[in-house]
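**Student:** The following block contains the structure, expressed as structure tokens.
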Amino acid sequence: MVKVTVPATTANLGPGFDTLGLALNLYNTYTFEEINEGLVFEGCPDKYKNIENLVYQSFAKTAKLLGKNLEKNSYGLKITMDTHIPVSRGLGSSSACIVGGVFGANALLKGNLSKDELFKIAVEIEGHPDNVAPAVYGGLTAAIVENGVYSVKYSISDKIKFCALIPDFETSTHEARKILPSIVSFKDAIFNVSRTAVLLKALEEGNFELISVSLKDMLHQQYRKTLISEYDEVKKICLENGSHAFFISGSGPTLMNITNDPDFIKNMENSTRYLKNKWDIKFLNADRSGVIIK
Ligand code: HSE
């Protein structure tokens, strides 16, 4: 039996569209067990208990690369899920499923693929690297895809805390990508390139003034906010309560803040009470380890 624990992730961090990602201390754990026959799921809604399940799909794809064809061999597998990352909210739940399945297969089937090789398989399944990289390596990452995938890790100050506002509605990443323009202006490109570079140093130093200036974006958030009900109201409340930076987590709809104020969450709970949607508020830290296999 193997247990794979994968952190939630927040991608983009404002200006670093499709590049930056950060692991958070909110986790899904997937347990993989060999059984006599069949495929058994536990701990997930019935609609996910089938071969389309992304954890299973990722497990099966990796198993195939390890020379084991699950369908032909009628392999017996039980997958038990203990999930805390909300689904379709921009917190990396699909990357967690993929990383869980890929690393679970390698561990259970005693494959000898390295962490970097498993990372590449997971990125291939996900299609973009910015959530997968922090889910695998932990911390703050930047990744590029060019004839393969490259990822580097940056340090992030312990002073930095995150406060996520997770609404009771979903948005689709597909829709949130479709809404983006195919051409951006030179001015907007410079806006984001300069801020991404400065933001990385600001996060490393825990320099909140520099974070406020650099964690801004002109490439995606202005278009995507139209898909997030009450975006403007929530932004106003967060800034009034002293958020150092406010941004869409991944493709949304979760709205993220950077803060160092322990009272921020209490103030937010009071201020968001009268909004139309229900916003679940979570105070989070960076996860530094990434995927853990036991
Ligand atoms: N970088 C991606 C996007 C993350 O913003 O569309 C979505 O998972």
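The chains in the structure tokens are called A, B, ... from first to last as shown; in each chain the residues are counted from 1, and the ligands are counted from 1 in the order shown.
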I'd like the contact shell of Glu124 of chain A - 12 Å cut-off, only C-alpha atoms, skipping same-chain residues fewer than 6 positions apart - returned as a PyMOL selection string.
**Tutor:** chain A and resi 58+61-62+95+98-99+102+117-118+132-133+145+147-149
**Student:** Residues within 9 Å of ligand 1 (only C-alpha atoms and all ligand atoms), as a list in words?
**Tutor:**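 Result of the 9 Å neighbour search around ligand 1: Thr10, Ala11, Asn12, Gly16, Phe17, Asp18, Thr19, Leu20, Gly21, Gly90, Leu91, Gly92, Ser94, Ser95, Glu126, His128, Pro129, Asp130, Asn131, Thr173, His174, Ala176, Arg177, His220, Ile248, Ser249, Gly250, Ser251 and Gly252 of chain A.
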**Student:** Produce a file of the selected residues containing C-alpha atoms, as a JSON list (two decimals), in the first residue's frame.
**Tutor:**
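Listing of out_10.json after writing:
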```json
[["chain", "number", "residue", "atom", "x", "y", "z"],
["A", 10, "THR", "CA", -2.07, 28.74, -6.55],
["A", 11, "ALA", "CA", -0.91, 29.51, -10.09],
["A", 12, "ASN", "CA", 0.02, 32.77, -11.85],
["A", 16, "GLY", "CA", 3.35, 35.32, -13.76],
["A", 17, "PHE", "CA", 0.66, 33.95, -16.07],
["A", 18, "ASP", "CA", 1.20, 30.25, -16.91],
["A", 19, "THR", "CA", 4.63, 30.49, -15.23],
["A", 20, "LEU", "CA", 4.58, 31.01, -11.46],
["A", 21, "GLY", "CA", 3.03, 28.63, -8.95],
["A", 90, "GLY", "CA", -8.39, 27.51, -8.96],
["A", 91, "LEU", "CA", -6.48, 25.73, -6.19],
["A", 92, "GLY", "CA", -4.88, 22.98, -8.23],
["A", 94, "SER", "CA", -6.73, 18.54, -10.95],
["A", 95, "SER", "CA", -2.94, 18.79, -10.62],
["A", 126, "GLU", "CA", -2.13, 18.41, -17.24],
["A", 128, "HIS", "CA", 0.61, 23.27, -18.47],
["A", 129, "PRO", "CA", 3.26, 23.25, -15.74],
["A", 130, "ASP", "CA", 2.40, 26.06, -13.34],
["A", 131, "ASN", "CA", 0.28, 24.04, -10.89],
["A", 173, "THR", "CA", -10.50, 26.81, -16.73],
["A", 174, "HIS", "CA", -11.45, 26.20, -20.36],
["A", 176, "ALA", "CA", -11.39, 31.28, -18.37],
["A", 177, "ARG", "CA", -8.77, 30.69, -21.11],
["A", 220, "HIS", "CA", -5.55, 37.93, -17.66],
["A", 248, "ILE", "CA", -7.18, 35.55, -8.82],
["A", 249, "SER", "CA", -5.86, 32.13, -7.80],
["A", 250, "GLY", "CA", -5.08, 30.25, -11.03],
["A", 251, "SER", "CA", -7.99, 30.71, -13.39],
["A", 252, "GLY", "CA", -10.34, 31.40, -10.46]]
```
**Student:** For a test of reading the model, state the distance in Å between atom CA of Gln57 of chain A and atom CA of Ala107 of chain A, rounded to one decimal.
**Tutor:** 15.8 Å
**Student:** Taking only segment 76-293 of chain A into account, list the residues labelled alpha helix (DSSP H) by DSSP (computed from the backbone), as a PyMOL selection string.
**Tutor:** chain A and resi 93-108+115-126+132-137+173-178+186-205+208-214+221-224+231-240+264-272
**Student:** Restricting the calculation to only C-alpha atoms: of A:Ile125, A:Val234, A:Val193, A:Ala142, which residue gets closest to Lys276 of chain A?
**Tutor:**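 Result for the nearest residue to Lys276 of chain A: A:Val234.
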**Student:** For Phe247 of chain A, which of A:Leu13, A:Ala105, A:Val152, A:Ile79 is the closest residue, counting only C-alpha atoms?
**Tutor:**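 Closest to Phe247 of chain A of all the choices is A:Leu13.
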**Student:** May I have a table of the residues of segment 76-170 of chain A lying at most 12 Å from segment 253-256 of chain A, giving each one's closest pair of atoms and their distance in Å to one decimal, counting only C-alpha atoms, ordered by chain and ascending residue number, as JSON lines?
**Tutor:**
```
{"residue": "A:Ile85", "atom": "CA", "partner": "A:Thr254", "partner_atom": "CA", "distance": 11.7}
{"residue": "A:Pro86", "atom": "CA", "partner": "A:Thr254", "partner_atom": "CA", "distance": 9.8}
{"residue": "A:Val87", "atom": "CA", "partner": "A:Pro253", "partner_atom": "CA", "distance": 10.8}
{"residue": "A:Ser88", "atom": "CA", "partner": "A:Pro253", "partner_atom": "CA", "distance": 8.1}
{"residue": "A:Arg89", "atom": "CA", "partner": "A:Pro253", "partner_atom": "CA", "distance": 5.4}
{"residue": "A:Gly90", "atom": "CA", "partner": "A:Thr254", "partner_atom": "CA", "distance": 5.9}
{"residue": "A:Leu91", "atom": "CA", "partner": "A:Thr254", "partner_atom": "CA", "distance": 7.4}
{"residue": "A:Gly92", "atom": "CA", "partner": "A:Thr254", "partner_atom": "CA", "distance": 10.9}
{"residue": "A:Lys161", "atom": "CA", "partner": "A:Met256", "partner_atom": "CA", "distance": 10.4}
{"residue": "A:Phe162", "atom": "CA", "partner": "A:Met256", "partner_atom": "CA", "distance": 6.8}
{"residue": "A:Cys163", "atom": "CA", "partner": "A:Met256", "partner_atom": "CA", "distance": 5.8}
{"residue": "A:Ala164", "atom": "CA", "partner": "A:Met256", "partner_atom": "CA", "distance": 4.5}
{"residue": "A:Leu165", "atom": "CA", "partner": "A:Leu255", "partner_atom": "CA", "distance": 5.2}
{"residue": "A:Ile166", "atom": "CA", "partner": "A:Thr254", "partner_atom": "CA", "distance": 4.6}
{"residue": "A:Pro167", "atom": "CA", "partner": "A:Thr254", "partner_atom": "CA", "distance": 6.4}
{"residue": "A:Asp168", "atom": "CA", "partner": "A:Pro253", "partner_atom": "CA", "distance": 9.3}
{"residue": "A:Phe169", "atom": "CA", "partner": "A:Pro253", "partner_atom": "CA", "distance": 7.7}
{"residue": "A:Glu170", "atom": "CA", "partner": "A:Pro253", "partner_atom": "CA", "distance": 6.5}
```
**Student:** Save the residues we just selected, all heavy atoms, as a compact mmCIF listing (two decimals), in the first residue's frame?
**Tutor:**
```txt
# COMPACT_ATOMS: atom_id res chain seq x y z
N ILE A 85 -8.76 19.77 -0.95
CA ILE A 85 -8.62 20.84 -1.95
C ILE A 85 -9.94 20.95 -2.70
O ILE A 85 -10.39 19.97 -3.31
CB ILE A 85 -7.47 20.52 -2.95
CG1 ILE A 85 -6.17 20.19 -2.20
CG2 ILE A 85 -7.27 21.69 -3.91
CD1 ILE A 85 -5.03 19.70 -3.10
N PRO A 86 -10.60 22.11 -2.64
CA PRO A 86 -11.89 22.22 -3.34
C PRO A 86 -11.72 22.07 -4.86
O PRO A 86 -10.71 22.50 -5.41
CB PRO A 86 -12.39 23.62 -2.96
CG PRO A 86 -11.23 24.34 -2.40
CD PRO A 86 -10.22 23.35 -1.94
N VAL A 87 -12.73 21.45 -5.47
CA VAL A 87 -12.66 21.13 -6.91
C VAL A 87 -13.08 22.34 -7.76
O VAL A 87 -14.01 23.06 -7.40
CB VAL A 87 -13.59 19.92 -7.19
CG1 VAL A 87 -13.66 19.60 -8.68
CG2 VAL A 87 -13.12 18.70 -6.40
N SER A 88 -12.39 22.55 -8.88
CA SER A 88 -12.72 23.62 -9.85
C SER A 88 -12.80 24.99 -9.20
O SER A 88 -13.71 25.78 -9.48
CB SER A 88 -14.06 23.32 -10.55
OG SER A 88 -13.95 22.15 -11.28
N ARG A 89 -11.87 25.29 -8.32
CA ARG A 89 -11.86 26.59 -7.64
C ARG A 89 -10.56 27.34 -7.88
O ARG A 89 -10.31 28.36 -7.25
CB ARG A 89 -12.05 26.42 -6.12
CG ARG A 89 -13.38 25.82 -5.70
CD ARG A 89 -14.54 26.72 -6.12
NE ARG A 89 -15.75 26.44 -5.41
CZ ARG A 89 -16.55 25.40 -5.62
NH1 ARG A 89 -16.25 24.52 -6.54
NH2 ARG A 89 -17.67 25.25 -4.92
N GLY A 90 -9.65 26.81 -8.72
CA GLY A 90 -8.39 27.51 -8.96
C GLY A 90 -7.35 27.24 -7.89
O GLY A 90 -6.44 28.04 -7.68
N LEU A 91 -7.46 26.08 -7.23
CA LEU A 91 -6.48 25.73 -6.19
C LEU A 91 -5.74 24.43 -6.51
O LEU A 91 -5.21 23.76 -5.62
CB LEU A 91 -7.16 25.65 -4.82
CG LEU A 91 -7.54 27.02 -4.24
CD1 LEU A 91 -8.51 26.88 -3.07
CD2 LEU A 91 -6.31 27.81 -3.80
N GLY A 92 -5.73 24.10 -7.79
CA GLY A 92 -4.88 22.98 -8.23
C GLY A 92 -5.41 21.60 -7.92
O GLY A 92 -4.63 20.66 -7.78
N LYS A 161 1.86 35.22 4.50
CA LYS A 161 0.72 34.33 4.73
C LYS A 161 -0.32 34.64 3.65
O LYS A 161 -0.38 35.76 3.13
CB LYS A 161 0.07 34.60 6.10
CG LYS A 161 1.03 34.68 7.24
CD LYS A 161 1.52 33.32 7.67
CE LYS A 161 2.55 33.42 8.77
NZ LYS A 161 3.43 32.27 8.84
N PHE A 162 -1.14 33.63 3.38
CA PHE A 162 -2.15 33.77 2.32
C PHE A 162 -3.54 33.65 2.93
O PHE A 162 -3.75 32.86 3.85
CB PHE A 162 -1.94 32.69 1.26
CG PHE A 162 -0.62 32.83 0.57
CD1 PHE A 162 0.53 32.26 1.11
CD2 PHE A 162 -0.50 33.58 -0.59
CE1 PHE A 162 1.76 32.43 0.51
CE2 PHE A 162 0.73 33.74 -1.20
CZ PHE A 162 1.86 33.17 -0.65
N CYS A 163 -4.46 34.39 2.39
CA CYS A 163 -5.85 34.23 2.81
C CYS A 163 -6.68 34.04 1.55
O CYS A 163 -6.78 34.93 0.71
CB CYS A 163 -6.31 35.46 3.59
SG CYS A 163 -8.01 35.28 4.13
N ALA A 164 -7.24 32.82 1.42
CA ALA A 164 -8.03 32.48 0.23
C ALA A 164 -9.50 32.67 0.51
O ALA A 164 -10.00 32.28 1.57
CB ALA A 164 -7.77 31.02 -0.15
N LEU A 165 -10.20 33.29 -0.44
CA LEU A 165 -11.66 33.38 -0.38
C LEU A 165 -12.21 32.47 -1.46
O LEU A 165 -12.04 32.74 -2.66
CB LEU A 165 -12.12 34.83 -0.61
CG LEU A 165 -11.94 35.72 0.62
CD1 LEU A 165 -10.60 36.39 0.61
CD2 LEU A 165 -13.04 36.75 0.66
N ILE A 166 -12.82 31.38 -1.02
CA ILE A 166 -13.24 30.33 -1.95
C ILE A 166 -14.76 30.37 -2.05
O ILE A 166 -15.46 30.09 -1.07
CB ILE A 166 -12.78 28.94 -1.44
CG1 ILE A 166 -11.28 28.99 -1.11
CG2 ILE A 166 -13.11 27.86 -2.44
CD1 ILE A 166 -10.79 27.84 -0.25
N PRO A 167 -15.30 30.74 -3.22
CA PRO A 167 -16.76 30.88 -3.31
C PRO A 167 -17.47 29.54 -3.46
O PRO A 167 -16.84 28.53 -3.78
CB PRO A 167 -16.93 31.73 -4.57
CG PRO A 167 -15.78 31.37 -5.43
CD PRO A 167 -14.64 31.06 -4.50
N ASP A 168 -18.79 29.59 -3.29
CA ASP A 168 -19.58 28.36 -3.42
C ASP A 168 -20.00 28.11 -4.86
O ASP A 168 -20.96 27.41 -5.11
CB ASP A 168 -20.81 28.41 -2.48
CG ASP A 168 -21.68 29.62 -2.74
OD1 ASP A 168 -21.30 30.47 -3.59
OD2 ASP A 168 -22.74 29.74 -2.09
N PHE A 169 -19.28 28.70 -5.83
CA PHE A 169 -19.56 28.39 -7.25
C PHE A 169 -18.24 28.05 -7.93
O PHE A 169 -17.16 28.41 -7.46
CB PHE A 169 -20.26 29.56 -7.96
CG PHE A 169 -19.50 30.87 -7.90
CD1 PHE A 169 -18.51 31.18 -8.83
CD2 PHE A 169 -19.77 31.80 -6.90
CE1 PHE A 169 -17.81 32.38 -8.76
CE2 PHE A 169 -19.07 33.02 -6.83
CZ PHE A 169 -18.09 33.30 -7.77
N GLU A 170 -18.34 27.31 -9.05
CA GLU A 170 -17.14 26.90 -9.80
C GLU A 170 -16.98 27.77 -11.03
O GLU A 170 -17.93 28.39 -11.48
CB GLU A 170 -17.32 25.45 -10.30
CG GLU A 170 -17.52 24.44 -9.20
CD GLU A 170 -17.69 23.02 -9.74
OE1 GLU A 170 -17.64 22.82 -10.97
OE2 GLU A 170 -17.87 22.11 -8.91
```
**Student:** Counting only C-alpha atoms, figure out which residue out of A:Ala60, A:Val291, A:Cys238, A:Leu140 gets nearest to Leu200 of chain A.
**Tutor:**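 Distance minimum relative to Leu200 of chain A lands on A:Leu140.
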**Student:** Hey, what's within 12 Å of Phe264 of chain A if we count only C-alpha atoms and toss same-chain stuff fewer than 6 positions away? As a list in words, please?
**Tutor:**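 Residues near the query, excluding close chain neighbours: Lys161, Phe162, Cys163, Ala164, Leu165, Ile237, Cys238, Leu239, Glu240, Asn241, Gly242, Ser243, His244, Asn257, Ile258, Asn270, Ser271, Thr272, Ile281, Lys282, Phe283 and Leu284 of chain A.
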**Student:** Of the candidates A:Leu24, A:Asn267, A:Leu199, A:Met81, which one gets nearest to Val40 of chain A if we count only C-alpha atoms?
**Tutor:** A:Met81
**Student:** For a quick check of understanding, using only C-alpha atoms, which of A:Gln221, A:Thr259, A:Ser229, A:Ser289 has the smallest distance to Asn207 of chain A?
**Tutor:**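 Looking at the shortest contact to Asn207 of chain A, the residue is A:Thr259.
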**Student:** Just list as a PyMOL selection string whatever in segment 169-291 of chain A DSSP marks as strand (DSSP E or B).
**Tutor:** chain A and resi 245-248+255-259+279-284+286
**Student:** Produce a file of the selected residues containing all heavy atoms, as a compact mmCIF listing (two decimals), in the first residue's frame.
**Tutor:**
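Contents of part09.txt, freshly written:
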```txt
# COMPACT_ATOMS: atom_id res chain seq x y z
N ALA A 245 -1.80 42.26 -1.19
CA ALA A 245 -1.93 41.94 -2.62
C ALA A 245 -3.19 41.11 -2.79
O ALA A 245 -3.48 40.24 -1.96
CB ALA A 245 -0.71 41.15 -3.10
N PHE A 246 -3.91 41.37 -3.86
CA PHE A 246 -5.18 40.70 -4.12
C PHE A 246 -5.10 40.15 -5.54
O PHE A 246 -4.77 40.88 -6.46
CB PHE A 246 -6.32 41.72 -4.01
CG PHE A 246 -7.66 41.18 -4.40
CD1 PHE A 246 -8.47 40.53 -3.48
CD2 PHE A 246 -8.12 41.32 -5.70
CE1 PHE A 246 -9.71 40.03 -3.85
CE2 PHE A 246 -9.37 40.83 -6.07
CZ PHE A 246 -10.17 40.18 -5.14
N PHE A 247 -5.36 38.86 -5.72
CA PHE A 247 -5.25 38.29 -7.08
C PHE A 247 -6.13 37.07 -7.24
O PHE A 247 -6.58 36.46 -6.27
CB PHE A 247 -3.78 37.95 -7.40
CG PHE A 247 -3.10 37.02 -6.42
CD1 PHE A 247 -2.96 35.67 -6.70
CD2 PHE A 247 -2.59 37.49 -5.22
CE1 PHE A 247 -2.31 34.81 -5.82
CE2 PHE A 247 -1.94 36.64 -4.32
CZ PHE A 247 -1.81 35.30 -4.62
N ILE A 248 -6.39 36.74 -8.51
CA ILE A 248 -7.18 35.55 -8.82
C ILE A 248 -6.25 34.34 -8.70
O ILE A 248 -5.16 34.33 -9.28
CB ILE A 248 -7.75 35.61 -10.26
CG1 ILE A 248 -8.70 36.82 -10.39
CG2 ILE A 248 -8.48 34.32 -10.61
CD1 ILE A 248 -9.25 37.02 -11.81
N LEU A 255 -10.31 33.86 -4.81
CA LEU A 255 -9.60 35.14 -4.77
C LEU A 255 -8.62 35.09 -3.60
O LEU A 255 -9.00 34.69 -2.49
CB LEU A 255 -10.60 36.28 -4.64
CG LEU A 255 -11.59 36.35 -5.84
CD1 LEU A 255 -12.67 37.38 -5.59
CD2 LEU A 255 -10.84 36.66 -7.14
N MET A 256 -7.38 35.44 -3.87
CA MET A 256 -6.30 35.24 -2.90
C MET A 256 -5.75 36.57 -2.41
O MET A 256 -5.70 37.55 -3.18
CB MET A 256 -5.19 34.45 -3.60
CG MET A 256 -4.14 33.89 -2.69
SD MET A 256 -4.77 32.61 -1.60
CE MET A 256 -4.63 31.19 -2.65
N ASN A 257 -5.34 36.58 -1.16
CA ASN A 257 -4.70 37.76 -0.57
C ASN A 257 -3.36 37.38 0.03
O ASN A 257 -3.19 36.26 0.51
CB ASN A 257 -5.54 38.31 0.58
CG ASN A 257 -6.86 38.86 0.08
OD1 ASN A 257 -6.91 39.99 -0.37
ND2 ASN A 257 -7.90 38.04 0.13
N ILE A 258 -2.44 38.33 0.04
CA ILE A 258 -1.22 38.18 0.82
C ILE A 258 -1.35 39.11 2.02
O ILE A 258 -1.75 40.27 1.87
CB ILE A 258 0.02 38.51 -0.02
CG1 ILE A 258 0.25 37.36 -1.02
CG2 ILE A 258 1.26 38.70 0.88
CD1 ILE A 258 1.48 37.49 -1.87
N THR A 259 -1.07 38.57 3.18
CA THR A 259 -1.24 39.35 4.41
C THR A 259 -0.18 38.94 5.43
O THR A 259 0.41 37.87 5.30
CB THR A 259 -2.65 39.13 4.99
OG1 THR A 259 -2.76 39.85 6.20
CG2 THR A 259 -2.95 37.67 5.25
N TRP A 279 -18.62 32.79 0.79
CA TRP A 279 -17.17 32.74 0.58
C TRP A 279 -16.52 32.06 1.77
O TRP A 279 -16.59 32.57 2.88
CB TRP A 279 -16.61 34.16 0.39
CG TRP A 279 -17.14 34.84 -0.84
CD1 TRP A 279 -18.32 35.50 -0.98
CD2 TRP A 279 -16.50 34.90 -2.12
NE1 TRP A 279 -18.47 35.97 -2.27
CE2 TRP A 279 -17.35 35.62 -2.99
CE3 TRP A 279 -15.29 34.42 -2.64
CZ2 TRP A 279 -17.05 35.87 -4.33
CZ3 TRP A 279 -14.97 34.67 -3.97
CH2 TRP A 279 -15.84 35.38 -4.80
N ASP A 280 -15.93 30.89 1.52
CA ASP A 280 -15.20 30.18 2.57
C ASP A 280 -13.81 30.81 2.70
O ASP A 280 -13.13 31.00 1.69
CB ASP A 280 -15.11 28.69 2.16
CG ASP A 280 -14.48 27.85 3.23
OD1 ASP A 280 -14.51 28.27 4.40
OD2 ASP A 280 -13.95 26.77 2.89
N ILE A 281 -13.42 31.18 3.91
CA ILE A 281 -12.16 31.92 4.08
C ILE A 281 -11.12 31.02 4.76
O ILE A 281 -11.37 30.48 5.83
CB ILE A 281 -12.41 33.20 4.91
CG1 ILE A 281 -13.51 34.02 4.24
CG2 ILE A 281 -11.13 34.01 5.05
CD1 ILE A 281 -13.96 35.22 5.02
N LYS A 282 -9.98 30.85 4.07
CA LYS A 282 -8.92 29.99 4.63
C LYS A 282 -7.60 30.76 4.73
O LYS A 282 -7.17 31.38 3.76
CB LYS A 282 -8.70 28.79 3.71
CG LYS A 282 -9.72 27.70 3.89
CD LYS A 282 -9.19 26.40 3.30
CE LYS A 282 -10.20 25.29 3.24
NZ LYS A 282 -11.23 25.23 4.20
N PHE A 283 -6.99 30.65 5.89
CA PHE A 283 -5.68 31.25 6.14
C PHE A 283 -4.64 30.18 5.83
O PHE A 283 -4.69 29.09 6.41
CB PHE A 283 -5.63 31.66 7.61
CG PHE A 283 -4.65 32.73 7.92
CD1 PHE A 283 -4.73 33.96 7.30
CD2 PHE A 283 -3.65 32.53 8.86
CE1 PHE A 283 -3.82 34.98 7.60
CE2 PHE A 283 -2.75 33.54 9.17
CZ PHE A 283 -2.83 34.76 8.53
N LEU A 284 -3.73 30.43 4.91
CA LEU A 284 -2.82 29.37 4.45
C LEU A 284 -1.37 29.83 4.48
O LEU A 284 -1.08 31.02 4.34
CB LEU A 284 -3.18 28.96 3.02
CG LEU A 284 -4.59 28.37 2.82
CD1 LEU A 284 -4.98 28.38 1.35
CD2 LEU A 284 -4.67 26.96 3.37
N ALA A 286 2.71 28.79 2.88
CA ALA A 286 3.35 28.07 1.77
C ALA A 286 3.72 26.67 2.26
O ALA A 286 4.15 26.50 3.40
CB ALA A 286 4.60 28.82 1.34
```
**Student:** Considering only C-alpha atoms, state which residue in the set A:Leu70, A:Ala197, A:Ala135, A:Ile292 is at the smallest distance from Gly38 of chain A.
**Tutor:**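 With only C-alpha atoms as the atom set, the closest residue is A:Leu70.
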**Student:** Can you measure atom CA of Ser93 of chain A to atom CA of Tyr223 of chain A for me? One decimal in Å is fine.
**Tutor:**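 Going from atom CA of Ser93 of chain A over to atom CA of Tyr223 of chain A, I get 22.7 Å.
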**Student:** For atom CA of Asn36 of chain A and atom CA of Tyr75 of chain A, quote the distance in Å rounded to one decimal.
**Tutor:**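 Straight-line distance from atom CA of Asn36 of chain A to atom CA of Tyr75 of chain A works out to 7.8 Å.
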